[in-house]
$ cat input_3.cif   # mmCIF, C-alpha atoms and all ligand atoms
data_entry
loop_
_atom_site.label_atom_id
_atom_site.label_comp_id
_atom_site.auth_asym_id
_atom_site.auth_seq_id
_atom_site.Cartn_x
_atom_site.Cartn_y
_atom_site.Cartn_z
CA MET A 4 -16.96 -0.26 25.72
CA SER A 5 -18.10 -3.78 26.53
CA VAL A 6 -19.13 -5.80 23.52
CA PRO A 7 -22.08 -8.19 23.99
CA GLY A 8 -20.70 -11.69 23.58
CA GLY A 9 -17.16 -10.23 23.65
CA GLY A 10 -15.94 -12.82 26.16
CA ARG A 11 -17.17 -15.67 24.01
CA TRP A 12 -15.57 -14.11 20.94
CA ARG A 13 -12.24 -13.64 22.79
CA ALA A 14 -12.20 -17.36 23.58
CA VAL A 15 -12.75 -18.19 19.92
CA ALA A 16 -10.08 -15.67 18.90
CA ASP A 17 -7.56 -17.12 21.37
CA ALA A 18 -8.22 -20.60 20.05
CA VAL A 19 -7.68 -19.38 16.49
CA ALA A 20 -4.51 -17.47 17.47
CA GLY A 21 -2.69 -20.69 18.25
CA ALA A 22 -3.71 -22.07 14.88
CA VAL A 23 -2.85 -19.06 12.70
CA ALA A 24 -0.42 -20.33 10.10
CA VAL A 25 2.40 -18.11 8.90
CA ARG A 26 3.53 -19.91 5.77
CA HIS A 27 5.82 -19.01 2.90
CA ASP A 28 5.35 -22.19 0.87
CA ARG A 29 1.85 -21.86 -0.57
CA SER A 30 1.63 -23.12 -4.12
CA VAL A 31 0.01 -21.18 -6.95
CA ASP A 32 -2.74 -23.81 -7.14
CA GLU A 33 -3.44 -23.55 -3.41
CA VAL A 34 -3.76 -19.77 -3.52
CA ARG A 35 -5.89 -19.84 -6.66
CA ALA A 36 -8.26 -22.30 -4.94
CA LEU A 37 -8.33 -20.11 -1.82
CA TYR A 38 -9.11 -17.05 -3.95
CA ARG A 39 -12.09 -18.86 -5.54
CA ARG A 40 -13.74 -19.84 -2.25
CA SER A 41 -17.09 -18.29 -1.36
CA LEU A 42 -16.79 -14.70 -0.19
CA LEU A 43 -18.67 -15.52 3.00
CA ASP A 44 -16.10 -18.20 3.83
CA LEU A 45 -13.16 -15.98 3.00
CA VAL A 46 -14.38 -13.00 5.00
CA GLY A 47 -15.21 -15.26 7.96
CA GLU A 48 -11.79 -16.86 8.01
CA ALA A 49 -9.95 -13.60 7.37
CA MET A 50 -11.81 -11.91 10.21
CA ALA A 51 -10.88 -14.72 12.60
CA VAL A 52 -7.21 -14.52 11.58
CA HIS A 53 -7.27 -10.75 11.85
CA ARG A 54 -8.78 -10.72 15.34
CA ALA A 55 -6.46 -13.44 16.56
CA VAL A 56 -3.39 -11.41 15.64
CA HIS A 57 -4.43 -7.73 15.68
CA ASP A 58 -6.57 -5.35 17.67
CA PRO A 59 -9.37 -4.70 15.11
CA SER A 60 -9.82 -1.14 16.36
CA ASP A 61 -6.23 -0.33 15.35
CA VAL A 62 -6.51 1.12 11.84
CA GLN A 63 -3.31 2.88 10.75
CA ARG A 64 -3.61 6.22 8.98
CA ALA A 65 -0.85 6.84 6.45
CA SER A 66 -0.61 10.14 4.58
CA LEU A 67 0.92 10.43 1.13
CA LEU A 68 2.85 13.21 -0.57
CA SER A 69 4.22 13.33 -4.09
CA ILE A 70 7.68 14.86 -3.58
CA LYS A 71 8.55 14.74 -7.31
CA THR A 72 5.73 14.62 -9.80
CA GLY A 73 5.46 13.44 -13.42
CA GLY A 74 7.93 13.00 -16.26
CA CYS A 75 8.80 9.42 -15.29
CA PRO A 76 10.61 7.42 -18.01
CA GLU A 77 8.80 4.15 -17.14
CA ASP A 78 5.72 3.19 -19.16
CA CYS A 79 3.44 1.77 -16.40
CA ALA A 80 0.03 1.71 -18.12
CA TYR A 81 -1.87 2.69 -14.98
CA CYS A 82 0.26 5.65 -14.01
CA PRO A 83 -0.57 9.30 -14.74
CA GLN A 84 3.06 10.23 -14.01
CA SER A 85 4.57 8.30 -16.92
CA ALA A 86 6.12 10.55 -19.59
CA HIS A 87 4.80 8.01 -22.13
CA HIS A 88 1.21 9.17 -21.54
CA GLY A 89 1.34 12.65 -23.03
CA GLU A 90 -2.45 13.12 -22.95
CA VAL A 91 -2.67 13.17 -19.17
CA ASP A 92 -3.51 16.53 -17.62
CA LEU A 93 -0.73 16.73 -15.01
CA THR A 94 1.57 19.50 -13.86
CA ARG A 95 5.11 18.25 -13.52
CA GLN A 96 6.99 19.31 -10.41
CA GLY A 97 10.65 18.90 -9.50
CA LEU A 98 11.84 17.54 -6.18
CA MET A 99 10.29 19.50 -3.32
CA LYS A 100 12.30 21.33 -0.68
CA VAL A 101 12.87 19.66 2.68
CA ASP A 102 11.04 22.32 4.69
CA GLU A 103 7.94 22.13 2.44
CA VAL A 104 7.81 18.37 2.90
CA LEU A 105 8.23 18.61 6.66
CA ALA A 106 5.46 21.21 6.86
CA ALA A 107 3.14 18.76 5.05
CA ALA A 108 4.23 15.95 7.36
CA GLY A 109 3.53 18.11 10.40
CA ASN A 110 0.03 18.87 9.11
CA ALA A 111 -0.63 15.19 8.46
CA ARG A 112 0.55 14.35 11.96
CA ALA A 113 -1.69 17.02 13.48
CA ALA A 114 -4.64 15.52 11.58
CA GLY A 115 -3.97 12.08 13.04
CA ALA A 116 -1.60 10.34 10.60
CA SER A 117 1.10 8.17 12.16
CA ARG A 118 2.94 7.33 8.94
CA PHE A 119 4.12 9.71 6.22
CA CYS A 120 4.80 8.26 2.76
CA MET A 121 6.75 10.21 0.17
CA GLY A 122 6.60 9.20 -3.50
CA ALA A 123 8.90 10.23 -6.33
CA ALA A 124 8.20 9.64 -10.03
CA TRP A 125 11.65 8.15 -10.54
CA ARG A 126 12.56 4.98 -12.39
CA GLU A 127 15.43 4.43 -9.95
CA VAL A 128 17.51 6.09 -7.28
CA HIS A 129 20.72 7.86 -8.31
CA ASP A 130 23.55 9.02 -6.07
CA GLY A 131 23.68 12.79 -5.72
CA ARG A 132 22.00 15.85 -4.32
CA ALA A 133 18.43 14.75 -4.94
CA PHE A 134 18.97 11.54 -2.99
CA GLU A 135 20.71 13.45 -0.18
CA ARG A 136 17.66 15.70 0.02
CA VAL A 137 15.33 12.72 0.32
CA LEU A 138 17.52 11.39 3.16
CA ALA A 139 17.08 14.74 4.95
CA MET A 140 13.30 14.49 4.46
CA ILE A 141 13.32 11.03 6.06
CA GLU A 142 15.35 12.27 9.04
CA GLY A 143 12.94 15.18 9.46
CA VAL A 144 9.83 13.00 9.35
CA ARG A 145 11.32 10.61 11.90
CA ALA A 146 12.18 13.58 14.13
CA LEU A 147 8.46 14.45 14.13
CA GLY A 148 7.83 11.06 15.71
CA MET A 149 6.20 9.61 12.59
CA GLU A 150 6.96 6.46 10.67
CA ALA A 151 8.60 7.34 7.35
CA CYS A 152 8.07 5.48 4.08
CA VAL A 153 9.43 6.36 0.64
CA THR A 154 8.80 4.98 -2.81
CA LEU A 155 11.57 5.99 -5.21
CA GLY A 156 11.69 3.18 -7.77
CA MET A 157 14.51 0.67 -8.14
CA LEU A 158 17.58 0.92 -5.96
CA GLU A 159 20.92 -0.73 -5.26
CA ARG A 160 22.12 -2.12 -1.98
CA ARG A 161 24.15 1.00 -1.14
CA HIS A 162 21.04 3.17 -1.45
CA ALA A 163 19.06 0.89 0.84
CA GLU A 164 21.84 1.10 3.42
CA ARG A 165 21.79 4.92 3.32
CA LEU A 166 17.99 4.92 3.68
CA ALA A 167 18.27 2.61 6.69
CA ALA A 168 20.90 4.88 8.27
CA ALA A 169 18.54 7.86 7.82
CA GLY A 170 15.96 5.98 9.91
CA LEU A 171 13.55 4.94 7.14
CA THR A 172 10.76 2.74 8.52
CA ALA A 173 9.57 1.15 5.27
CA TYR A 174 10.23 1.19 1.53
CA ASN A 175 7.22 0.92 -0.78
CA HIS A 176 7.85 -1.02 -3.96
CA ASN A 177 4.79 -2.73 -5.39
CA ILE A 178 4.95 -5.86 -7.52
CA ASP A 179 1.73 -4.43 -8.99
CA THR A 180 0.33 -7.58 -10.64
CA SER A 181 1.07 -11.24 -11.41
CA PRO A 182 4.31 -12.34 -13.10
CA ASP A 183 2.26 -13.43 -16.16
CA PHE A 184 0.30 -10.21 -16.54
CA TYR A 185 3.23 -7.90 -15.80
CA ALA A 186 4.39 -7.41 -19.39
CA HIS A 187 0.86 -6.29 -20.40
CA ILE A 188 1.22 -3.36 -18.00
CA ILE A 189 4.90 -2.39 -17.99
CA THR A 190 7.55 -3.02 -20.63
CA THR A 191 10.40 -0.83 -19.38
CA ARG A 192 11.34 -3.11 -16.44
CA THR A 193 10.73 -6.72 -15.42
CA PHE A 194 9.02 -8.43 -12.54
CA ASP A 195 12.42 -9.75 -11.43
CA ASP A 196 13.76 -6.16 -11.29
CA ARG A 197 11.06 -5.47 -8.68
CA LEU A 198 12.00 -8.51 -6.60
CA ARG A 199 15.68 -7.53 -6.72
CA THR A 200 14.95 -4.13 -5.18
CA LEU A 201 12.82 -5.77 -2.50
CA ARG A 202 15.78 -8.02 -1.58
CA HIS A 203 18.05 -4.99 -1.14
CA VAL A 204 15.45 -3.34 1.09
CA ARG A 205 15.12 -6.45 3.24
CA ASP A 206 18.88 -6.98 3.46
CA ALA A 207 19.32 -3.41 4.72
CA GLY A 208 16.88 -4.12 7.57
CA ILE A 209 14.12 -1.79 6.28
CA GLN A 210 10.51 -2.94 6.41
CA ILE A 211 8.95 -3.89 3.08
CA CYS A 212 5.73 -2.30 1.88
CA SER A 213 4.66 -4.17 -1.25
CA GLY A 214 1.33 -4.88 -2.83
CA GLY A 215 -0.40 -4.24 -6.10
CA ILE A 216 -3.27 -2.96 -8.16
CA ILE A 217 -6.50 -4.70 -9.15
CA GLY A 218 -8.83 -3.64 -11.95
CA MET A 219 -6.29 -3.43 -14.79
CA GLY A 220 -7.88 -6.21 -16.87
CA GLU A 221 -6.16 -9.07 -15.03
CA SER A 222 -7.95 -12.37 -14.29
CA ASP A 223 -8.82 -13.74 -10.85
CA ASP A 224 -5.88 -16.12 -11.24
CA ASP A 225 -3.59 -13.13 -11.82
CA ARG A 226 -4.83 -11.57 -8.59
CA ALA A 227 -4.25 -14.82 -6.74
CA ASP A 228 -0.78 -15.19 -8.29
CA MET A 229 0.21 -11.69 -7.23
CA LEU A 230 -0.78 -12.49 -3.64
CA GLN A 231 1.02 -15.85 -3.86
CA VAL A 232 4.28 -14.08 -4.77
CA LEU A 233 3.91 -11.64 -1.86
CA ALA A 234 3.13 -14.50 0.52
CA SER A 235 6.24 -16.38 -0.68
CA LEU A 236 8.52 -13.60 0.55
CA ASP A 237 10.22 -14.68 3.76
CA PRO A 238 9.59 -12.78 5.96
CA HIS A 239 6.29 -11.47 4.60
CA PRO A 240 6.08 -7.75 3.77
CA GLU A 241 5.18 -5.75 6.87
CA SER A 242 2.69 -3.73 4.77
CA VAL A 243 0.61 -4.88 1.82
CA PRO A 244 -1.19 -2.09 -0.03
CA ILE A 245 -4.14 -3.30 -2.08
CA ASN A 246 -4.90 -0.60 -4.64
CA ALA A 247 -7.85 -0.49 -7.02
CA LEU A 248 -6.93 1.18 -10.28
CA VAL A 249 -7.62 4.91 -10.33
CA ALA A 250 -8.44 5.14 -14.04
CA VAL A 251 -6.91 8.45 -15.12
CA PRO A 252 -7.94 10.03 -18.48
CA GLY A 253 -5.04 9.96 -20.92
CA THR A 254 -3.55 6.71 -19.57
CA PRO A 255 -3.96 3.47 -21.57
CA LEU A 256 -6.21 2.10 -18.80
CA ALA A 257 -8.49 5.15 -18.68
CA ASP A 258 -11.55 3.14 -19.74
CA ARG A 259 -11.26 0.24 -17.32
CA PRO A 260 -14.46 -0.22 -15.30
CA PRO A 261 -14.19 0.43 -11.56
CA VAL A 262 -13.44 -2.41 -9.14
CA GLY A 263 -16.48 -3.41 -7.07
CA GLY A 264 -16.40 -3.45 -3.30
CA LEU A 265 -16.84 -7.23 -3.14
CA ASP A 266 -13.78 -7.80 -5.34
CA PHE A 267 -11.79 -5.41 -3.17
CA ALA A 268 -12.92 -7.30 -0.05
CA ARG A 269 -12.03 -10.67 -1.59
CA CYS A 270 -8.49 -9.50 -2.30
CA VAL A 271 -8.11 -8.04 1.18
CA ALA A 272 -9.43 -11.22 2.80
CA VAL A 273 -7.02 -13.46 0.88
CA ALA A 274 -4.11 -11.12 1.69
CA ARG A 275 -5.04 -11.26 5.39
CA ILE A 276 -5.28 -15.07 5.44
CA LEU A 277 -1.95 -15.46 3.60
CA MET A 278 -0.05 -12.80 5.56
CA PRO A 279 -1.59 -12.73 9.04
CA HIS A 280 0.81 -10.22 10.62
CA ALA A 281 1.00 -7.69 7.77
CA ARG A 282 -0.67 -4.29 7.73
CA VAL A 283 -3.08 -4.80 4.84
CA ARG A 284 -3.74 -1.34 3.48
CA LEU A 285 -7.00 -0.43 1.74
CA SER A 286 -5.19 1.92 -0.63
CA ALA A 287 -5.97 3.79 -3.85
CA GLY A 288 -9.49 3.46 -5.23
CA ARG A 289 -11.29 3.87 -1.91
CA ARG A 290 -13.10 6.97 -3.15
CA GLY A 291 -15.50 4.89 -5.24
CA LEU A 292 -16.40 2.61 -2.32
CA SER A 293 -19.49 3.03 -0.14
CA ASP A 294 -19.13 3.15 3.65
CA GLU A 295 -20.52 -0.38 3.71
CA ALA A 296 -17.97 -1.71 1.20
CA GLN A 297 -15.11 -0.10 3.14
CA THR A 298 -16.50 -1.60 6.32
CA LEU A 299 -16.55 -5.04 4.74
CA CYS A 300 -12.89 -4.61 3.78
CA LEU A 301 -11.98 -3.56 7.33
CA VAL A 302 -13.92 -6.54 8.72
CA ALA A 303 -12.05 -8.76 6.24
CA GLY A 304 -8.73 -7.70 7.71
CA ALA A 305 -7.66 -4.37 6.25
CA ASN A 306 -6.00 -2.37 9.03
CA SER A 307 -4.55 0.67 7.32
CA VAL A 308 -5.78 3.37 4.97
CA PHE A 309 -4.29 6.28 3.06
CA TYR A 310 -5.53 9.30 4.95
CA GLY A 311 -5.78 12.81 3.50
CA GLU A 312 -7.50 14.42 0.53
CA GLN A 313 -4.80 13.49 -1.96
CA LEU A 314 -3.03 10.28 -2.92
CA LEU A 315 -0.04 11.19 -5.13
CA THR A 316 -1.74 12.98 -8.02
CA THR A 317 -5.38 11.92 -7.62
CA PRO A 318 -8.01 12.54 -4.93
CA ASN A 319 -8.66 10.36 -1.89
CA PRO A 320 -11.69 10.52 0.47
CA GLU A 321 -11.99 13.66 2.59
CA ARG A 322 -10.30 13.47 5.99
CA ASP A 323 -13.53 14.38 7.76
CA ASP A 324 -15.38 11.53 6.05
CA ASP A 325 -12.69 9.08 7.12
CA ARG A 326 -12.71 10.36 10.68
CA ARG A 327 -16.48 9.99 10.81
CA LEU A 328 -16.46 6.49 9.33
CA LEU A 329 -13.59 5.20 11.46
CA GLY A 330 -15.16 6.80 14.52
CA GLU A 331 -18.51 5.12 13.85
CA LEU A 332 -16.72 1.79 13.46
CA GLY A 333 -14.90 2.18 16.78
CA ALA A 334 -11.54 2.65 15.12
CA ALA A 335 -10.89 6.30 16.01
CA ASP A 336 -7.27 6.89 16.92
CA ALA A 337 -6.40 8.80 20.04
CA ARG A 338 -4.61 11.69 18.31
CA ALA A 339 -7.35 12.13 15.68
CA ALA A 340 -9.97 12.12 18.45
CA ALA A 341 -8.06 14.88 20.26
CA VAL A 342 -7.94 16.92 17.03
CA ASP A 343 -11.72 16.48 16.64
CA ALA A 344 -12.35 17.49 20.25
CA ALA A 345 -10.21 20.62 19.83
CA ALA A 346 -12.17 21.57 16.69
CA GLU A 347 -15.56 21.36 18.46
N1 LIG B 1 8.11 5.37 -9.28
C1 LIG B 1 8.08 4.56 -8.14
C2 LIG B 1 7.60 3.16 -8.43
O1 LIG B 1 6.90 2.94 -9.37
O2 LIG B 1 7.93 2.28 -7.63
C3 LIG B 1 7.26 5.13 -7.00
C4 LIG B 1 5.98 5.88 -7.30
S1 LIG B 1 4.68 4.91 -8.04
C5 LIG B 1 3.49 6.15 -8.40
C6 LIG B 1 4.02 4.00 -6.65
C7 LIG B 1 2.88 3.04 -6.88
O3 LIG B 1 1.67 3.76 -7.07
C8 LIG B 1 2.95 2.15 -8.10
O4 LIG B 1 3.76 1.03 -7.90
C9 LIG B 1 1.50 1.71 -8.23
O5 LIG B 1 1.28 0.52 -7.52
C10 LIG B 1 0.73 2.87 -7.59
N2 LIG B 1 -0.11 3.56 -8.59
C11 LIG B 1 0.33 4.44 -9.52
N3 LIG B 1 -0.69 4.87 -10.29
C12 LIG B 1 -1.80 4.25 -9.83
C13 LIG B 1 -3.17 4.28 -10.23
N4 LIG B 1 -3.57 5.02 -11.25
N5 LIG B 1 -4.05 3.53 -9.53
C14 LIG B 1 -3.63 2.77 -8.49
N6 LIG B 1 -2.35 2.71 -8.08
C15 LIG B 1 -1.45 3.43 -8.74
C1 LIG B 2 0.59 2.45 -2.97
O1 LIG B 2 0.50 1.21 -2.97
N1 LIG B 2 -0.33 3.26 -3.44
C2 LIG B 2 0.09 4.64 -3.32
C3 LIG B 2 1.45 4.52 -2.59
N2 LIG B 2 1.63 3.12 -2.48
C4 LIG B 2 2.64 5.19 -3.14
C5 LIG B 2 0.05 5.39 -4.60
C6 LIG B 2 -1.33 5.43 -5.23
C7 LIG B 2 -1.28 6.33 -6.41
C8 LIG B 2 -2.63 6.51 -7.05
C9 LIG B 2 -2.56 7.39 -8.24
C10 LIG B 2 -2.10 8.79 -7.97
O2 LIG B 2 -2.61 9.46 -7.04
O3 LIG B 2 -1.21 9.26 -8.71
FE1 LIG B 3 7.06 5.97 -12.90
FE2 LIG B 3 6.33 4.76 -10.65
FE3 LIG B 3 4.48 5.87 -12.30
FE4 LIG B 3 5.72 3.67 -13.10
S1 LIG B 3 4.38 3.87 -11.31
S2 LIG B 3 5.39 5.52 -14.34
S3 LIG B 3 7.74 3.96 -12.19
S4 LIG B 3 6.05 6.94 -11.15
#
$ encode --input "input_3.cif" --output "structure tokens"
Amino acid sequence: MSVPGGGRWRAVADAVAGAVAVRHDRSVDEVRALYRRSLLDLVGEAMAVHRAVHDPSDVQRASLLSIKTGGCPEDCAYCPQSAHHGEVDLTRQGLMKVDEVLAAAGNARAAGASRFCMGAAWREVHDGRAFERVLAMIEGVRALGMEACVTLGMLERRHAERLAAAGLTAYNHNIDTSPDFYAHIITTRTFDDRLRTLRHVRDAGIQICSGGIIGMGESDDDRADMLQVLASLDPHPESVPINALVAVPGTPLADRPPVGGLDFARCVAVARILMPHARVRLSAGRRGLSDEAQTLCLVAGANSVFYGEQLLTTPNPERDDDRRLLGELGAADARAAAVDAAAE
């Protein structure tokens, strides 16, 4: 499709491309000042950076599966899977079988997902049969031609090396919030523990997927500081999930008010400006956003979503709604379009 004024825009985008700065040395003060700029300015700059580096019609669809659910010994205040939050209505489930996981991955692929993310409610990885089973899941997902991501908690270097050998594309390990706010949210591990795991992942040659959660009672400076830490990683994470808190009854954060679309867009825009080449993922919390708010986030540089009716334990937008929205925006992916055509 030809876009009116597209040629003029391309020239602007090419000019910006040469000027896109990939920096790892931004100070806390610099990022806090960036975060406070007017939203119109931020979205404008983020869109220019995004279009200079990425094809804006390329929106990755990543599907999630909880392969081991609940009973986690960590006390993350946001998380319905923590064993510390006994009031949460959640059915615990042991580690799934490899063939069940691969059937779910195959379904996600058929529906248009290109990445399959498997999450386990573990504090950390242990050697043994459970880990060997996860390695088999990764090999199976890769054999389906999909990118594979896992999030298994903390790990040691030897675990990262085994994951790399199994063909893992990316390891998700969120820093979740700012260094200052961290202890208000989690007391059973430290911010530095998180960074240590990320170093092992990077050293093993696996892509890093790391982001955080907004809407937990943190200040704007905390949000900026979280993004500053991510942007200080060298190289930057390949994926940066921006989650809005899903406030689950029975967790200590159950009564937090929902994050507004403009706050979501501000965070996305700053992430895009700071980390031009990353996949910025509009992650949990999308269900409460209007089409227009999601569109603003995609204009501001988000280029990935979680796709499928379920996140780990909570609902996500319906697949059909996402297909319709992404189609209307001109971001339909070829495989999803073929699935739609076959269904008609
Ligand atoms: N146990 C592992 C860990 O914490 O790294 C992996 C699974 S954990 C559920 C993965 C991520 O999900 C967390 O780091 C957090 O960012 C996100 N998450 C969990 N509960 C959430 C909620 N209620 N709202 C938004 N994000 C959430
Ligand atoms: C990420 O940043 N968000 C996802 C994924 N990585 C593992 C998890 C969101 C979980 C939301 C709450 C739930 O469904 O349990
Ligand atoms: Fe456990 Fe991960 Fe949930 Fe924290 S976020 S309680 S580590 S499953």
$ axis_aligned_box --input "input_3.cif" --around "ligand LIG 3 (chain B)" --padding-each-side "4 Å" --output "JSON"
{"center_x": 6.1, "center_y": 5.3, "center_z": -12.5, "size_x": 11.4, "size_y": 11.3, "size_z": 11.7}
$ residues_around --input "input_3.cif" --residues "Ala65 of chain A" --least-positions-apart "6" --cutoff "6 Å" --atoms "only C-alpha atoms" --output "count of residues only"
5
$ closest_residue --input "input_3.cif" --among "A:Met278, A:Ala167, A:Leu328, A:Ile178" --to "ligand LIG 3 (chain B)" --atoms "all atoms listed in the file"
A:Ile178
$ residues_near_ligand --input "input_3.cif" --ligand "ligand LIG 3 (chain B)" --cutoff "6 Å" --atoms "only C-alpha atoms and all ligand atoms" --output "list in words"
Cys75, Glu77, Asp78, Cys79, Cys82, Gln84, Ser85, Ala124, Trp125, Arg126 and Gly156 of chain A
$ write_last_selection --input "input_3.cif" --atoms "C-alpha atoms" --output "JSON list (two decimals), keeping the file's coordinate frame"
[["chain", "number", "residue", "atom", "x", "y", "z"],
["A", 75, "CYS", "CA", 8.80, 9.42, -15.29],
["A", 77, "GLU", "CA", 8.80, 4.15, -17.14],
["A", 78, "ASP", "CA", 5.72, 3.19, -19.16],
["A", 79, "CYS", "CA", 3.44, 1.77, -16.40],
["A", 82, "CYS", "CA", 0.26, 5.65, -14.01],
["A", 84, "GLN", "CA", 3.06, 10.23, -14.01],
["A", 85, "SER", "CA", 4.57, 8.30, -16.92],
["A", 124, "ALA", "CA", 8.20, 9.64, -10.03],
["A", 125, "TRP", "CA", 11.65, 8.15, -10.54],
["A", 126, "ARG", "CA", 12.56, 4.98, -12.39],
["A", 156, "GLY", "CA", 11.69, 3.18, -7.77]]
$ residues_near_ligand --input "input_3.cif" --ligand "ligand LIG 1 (chain B)" --cutoff "6 Å" --atoms "all atoms listed in the file" --output "PyMOL selection string"
chain A and resi 81-82+122-126+154-156+176-177+179+215-216+246-250+287
$ atom_distance --input "input_3.cif" --atom1 "atom CA of Gly291 of chain A" --atom2 "atom CA of Thr94 of chain A"
24.1 Å
$ closest_residue --input "input_3.cif" --among "A:Glu312, A:Asp206, A:Asp195, A:Glu159" --to "ligand LIG 2 (chain B)" --atoms "all atoms listed in the file"
A:Glu312
$ atom_distance --input "input_3.cif" --atom1 "atom CA of Ala146 of chain A" --atom2 "atom CA of Arg160 of chain A"
24.6 Å
$ closest_residue --input "input_3.cif" --among "A:Ala139, A:Leu93, A:Ala281, A:Leu236" --to "ligand LIG 2 (chain B)" --atoms "all atoms listed in the file"
A:Leu93
$ closest_residue --input "input_3.cif" --among "A:Leu314, A:Ala80, A:Ala169, A:Leu42" --to "Met219 of chain A" --atoms "all atoms listed in the file"
A:Ala80
$ atom_distance --input "input_3.cif" --atom1 "atom CA of Ala24 of chain A" --atom2 "atom CA of Val56 of chain A"
10.9 Å
$ residues_around --input "input_3.cif" --residues "Leu37 of chain A" --least-positions-apart "5" --cutoff "10 Å" --atoms "all atoms listed in the file" --output "list in words"
Val31, Asp32, Asp44, Leu45, Ala227, Val273, Ile276 and Leu277 of chain A
$ residues_around --input "input_3.cif" --residues "Asp266 of chain A" --least-positions-apart "4" --cutoff "12 Å" --atoms "all atoms listed in the file" --output "list in words"
Tyr38, Arg39, Ser41, Leu42, Leu45, Val46, Ile216, Ile217, Gly218, Ser222, Asp223, Arg226, Ala227, Ile245, Asn246, Ala247, Pro261, Val262, Cys270, Val271, Ala272, Val273, Leu292, Ala296, Gln297, Leu299, Cys300 and Ala303 of chain A
$ closest_residue --input "input_3.cif" --among "A:Cys120, A:Leu315, A:Leu147, A:Ala113" --to "ligand LIG 2 (chain B)" --atoms "all atoms listed in the file"
A:Leu315
$ closest_residue --input "input_3.cif" --among "A:Leu265, A:Asp183, A:His87, A:Thr317" --to "Arg290 of chain A" --atoms "all atoms listed in the file"
A:Thr317
$ build_atoms --input "input_3.cif" --residues "segment 223-227 of chain A" --atoms "all heavy atoms" --output "PDB file, in the coordinates of the input"
ATOM      1  N   ASP A 223      -8.859 -13.366 -12.274  1.00  0.00           N
ATOM      2  CA  ASP A 223      -8.820 -13.740 -10.850  1.00  0.00           C
ATOM      3  C   ASP A 223      -7.537 -14.516 -10.547  1.00  0.00           C
ATOM      4  O   ASP A 223      -6.932 -14.337  -9.485  1.00  0.00           O
ATOM      5  CB  ASP A 223     -10.030 -14.605 -10.496  1.00  0.00           C
ATOM      6  CG  ASP A 223     -11.289 -13.763 -10.318  1.00  0.00           C
ATOM      7  OD1 ASP A 223     -11.192 -12.516 -10.366  1.00  0.00           O
ATOM      8  OD2 ASP A 223     -12.368 -14.355 -10.138  1.00  0.00           O
ATOM      9  N   ASP A 224      -7.120 -15.377 -11.474  1.00  0.00           N
ATOM     10  CA  ASP A 224      -5.880 -16.120 -11.240  1.00  0.00           C
ATOM     11  C   ASP A 224      -4.683 -15.171 -11.136  1.00  0.00           C
ATOM     12  O   ASP A 224      -3.770 -15.393 -10.332  1.00  0.00           O
ATOM     13  CB  ASP A 224      -5.630 -17.151 -12.356  1.00  0.00           C
ATOM     14  CG  ASP A 224      -6.501 -18.396 -12.191  1.00  0.00           C
ATOM     15  OD1 ASP A 224      -7.135 -18.556 -11.125  1.00  0.00           O
ATOM     16  OD2 ASP A 224      -6.541 -19.217 -13.135  1.00  0.00           O
ATOM     17  N   ASP A 225      -4.686 -14.110 -11.943  1.00  0.00           N
ATOM     18  CA  ASP A 225      -3.590 -13.130 -11.820  1.00  0.00           C
ATOM     19  C   ASP A 225      -3.585 -12.497 -10.424  1.00  0.00           C
ATOM     20  O   ASP A 225      -2.523 -12.299  -9.827  1.00  0.00           O
ATOM     21  CB  ASP A 225      -3.735 -12.022 -12.873  1.00  0.00           C
ATOM     22  CG  ASP A 225      -3.376 -12.494 -14.268  1.00  0.00           C
ATOM     23  OD1 ASP A 225      -2.323 -13.142 -14.412  1.00  0.00           O
ATOM     24  OD2 ASP A 225      -4.152 -12.224 -15.204  1.00  0.00           O
ATOM     25  N   ARG A 226      -4.770 -12.175  -9.937  1.00  0.00           N
ATOM     26  CA  ARG A 226      -4.830 -11.570  -8.590  1.00  0.00           C
ATOM     27  C   ARG A 226      -4.293 -12.543  -7.550  1.00  0.00           C
ATOM     28  O   ARG A 226      -3.522 -12.168  -6.658  1.00  0.00           O
ATOM     29  CB  ARG A 226      -6.271 -11.163  -8.251  1.00  0.00           C
ATOM     30  CG  ARG A 226      -6.756 -10.027  -9.127  1.00  0.00           C
ATOM     31  CD  ARG A 226      -8.198  -9.632  -8.822  1.00  0.00           C
ATOM     32  NE  ARG A 226      -8.641  -8.641  -9.815  1.00  0.00           N
ATOM     33  CZ  ARG A 226      -9.839  -8.097  -9.865  1.00  0.00           C
ATOM     34  NH1 ARG A 226     -10.752  -8.437  -8.971  1.00  0.00           N
ATOM     35  NH2 ARG A 226     -10.140  -7.213 -10.788  1.00  0.00           N
ATOM     36  N   ALA A 227      -4.719 -13.803  -7.686  1.00  0.00           N
ATOM     37  CA  ALA A 227      -4.250 -14.820  -6.740  1.00  0.00           C
ATOM     38  C   ALA A 227      -2.726 -14.986  -6.863  1.00  0.00           C
ATOM     39  O   ALA A 227      -2.014 -15.087  -5.854  1.00  0.00           O
ATOM     40  CB  ALA A 227      -4.955 -16.152  -7.024  1.00  0.00           C
TER      41      ALA A 227
END
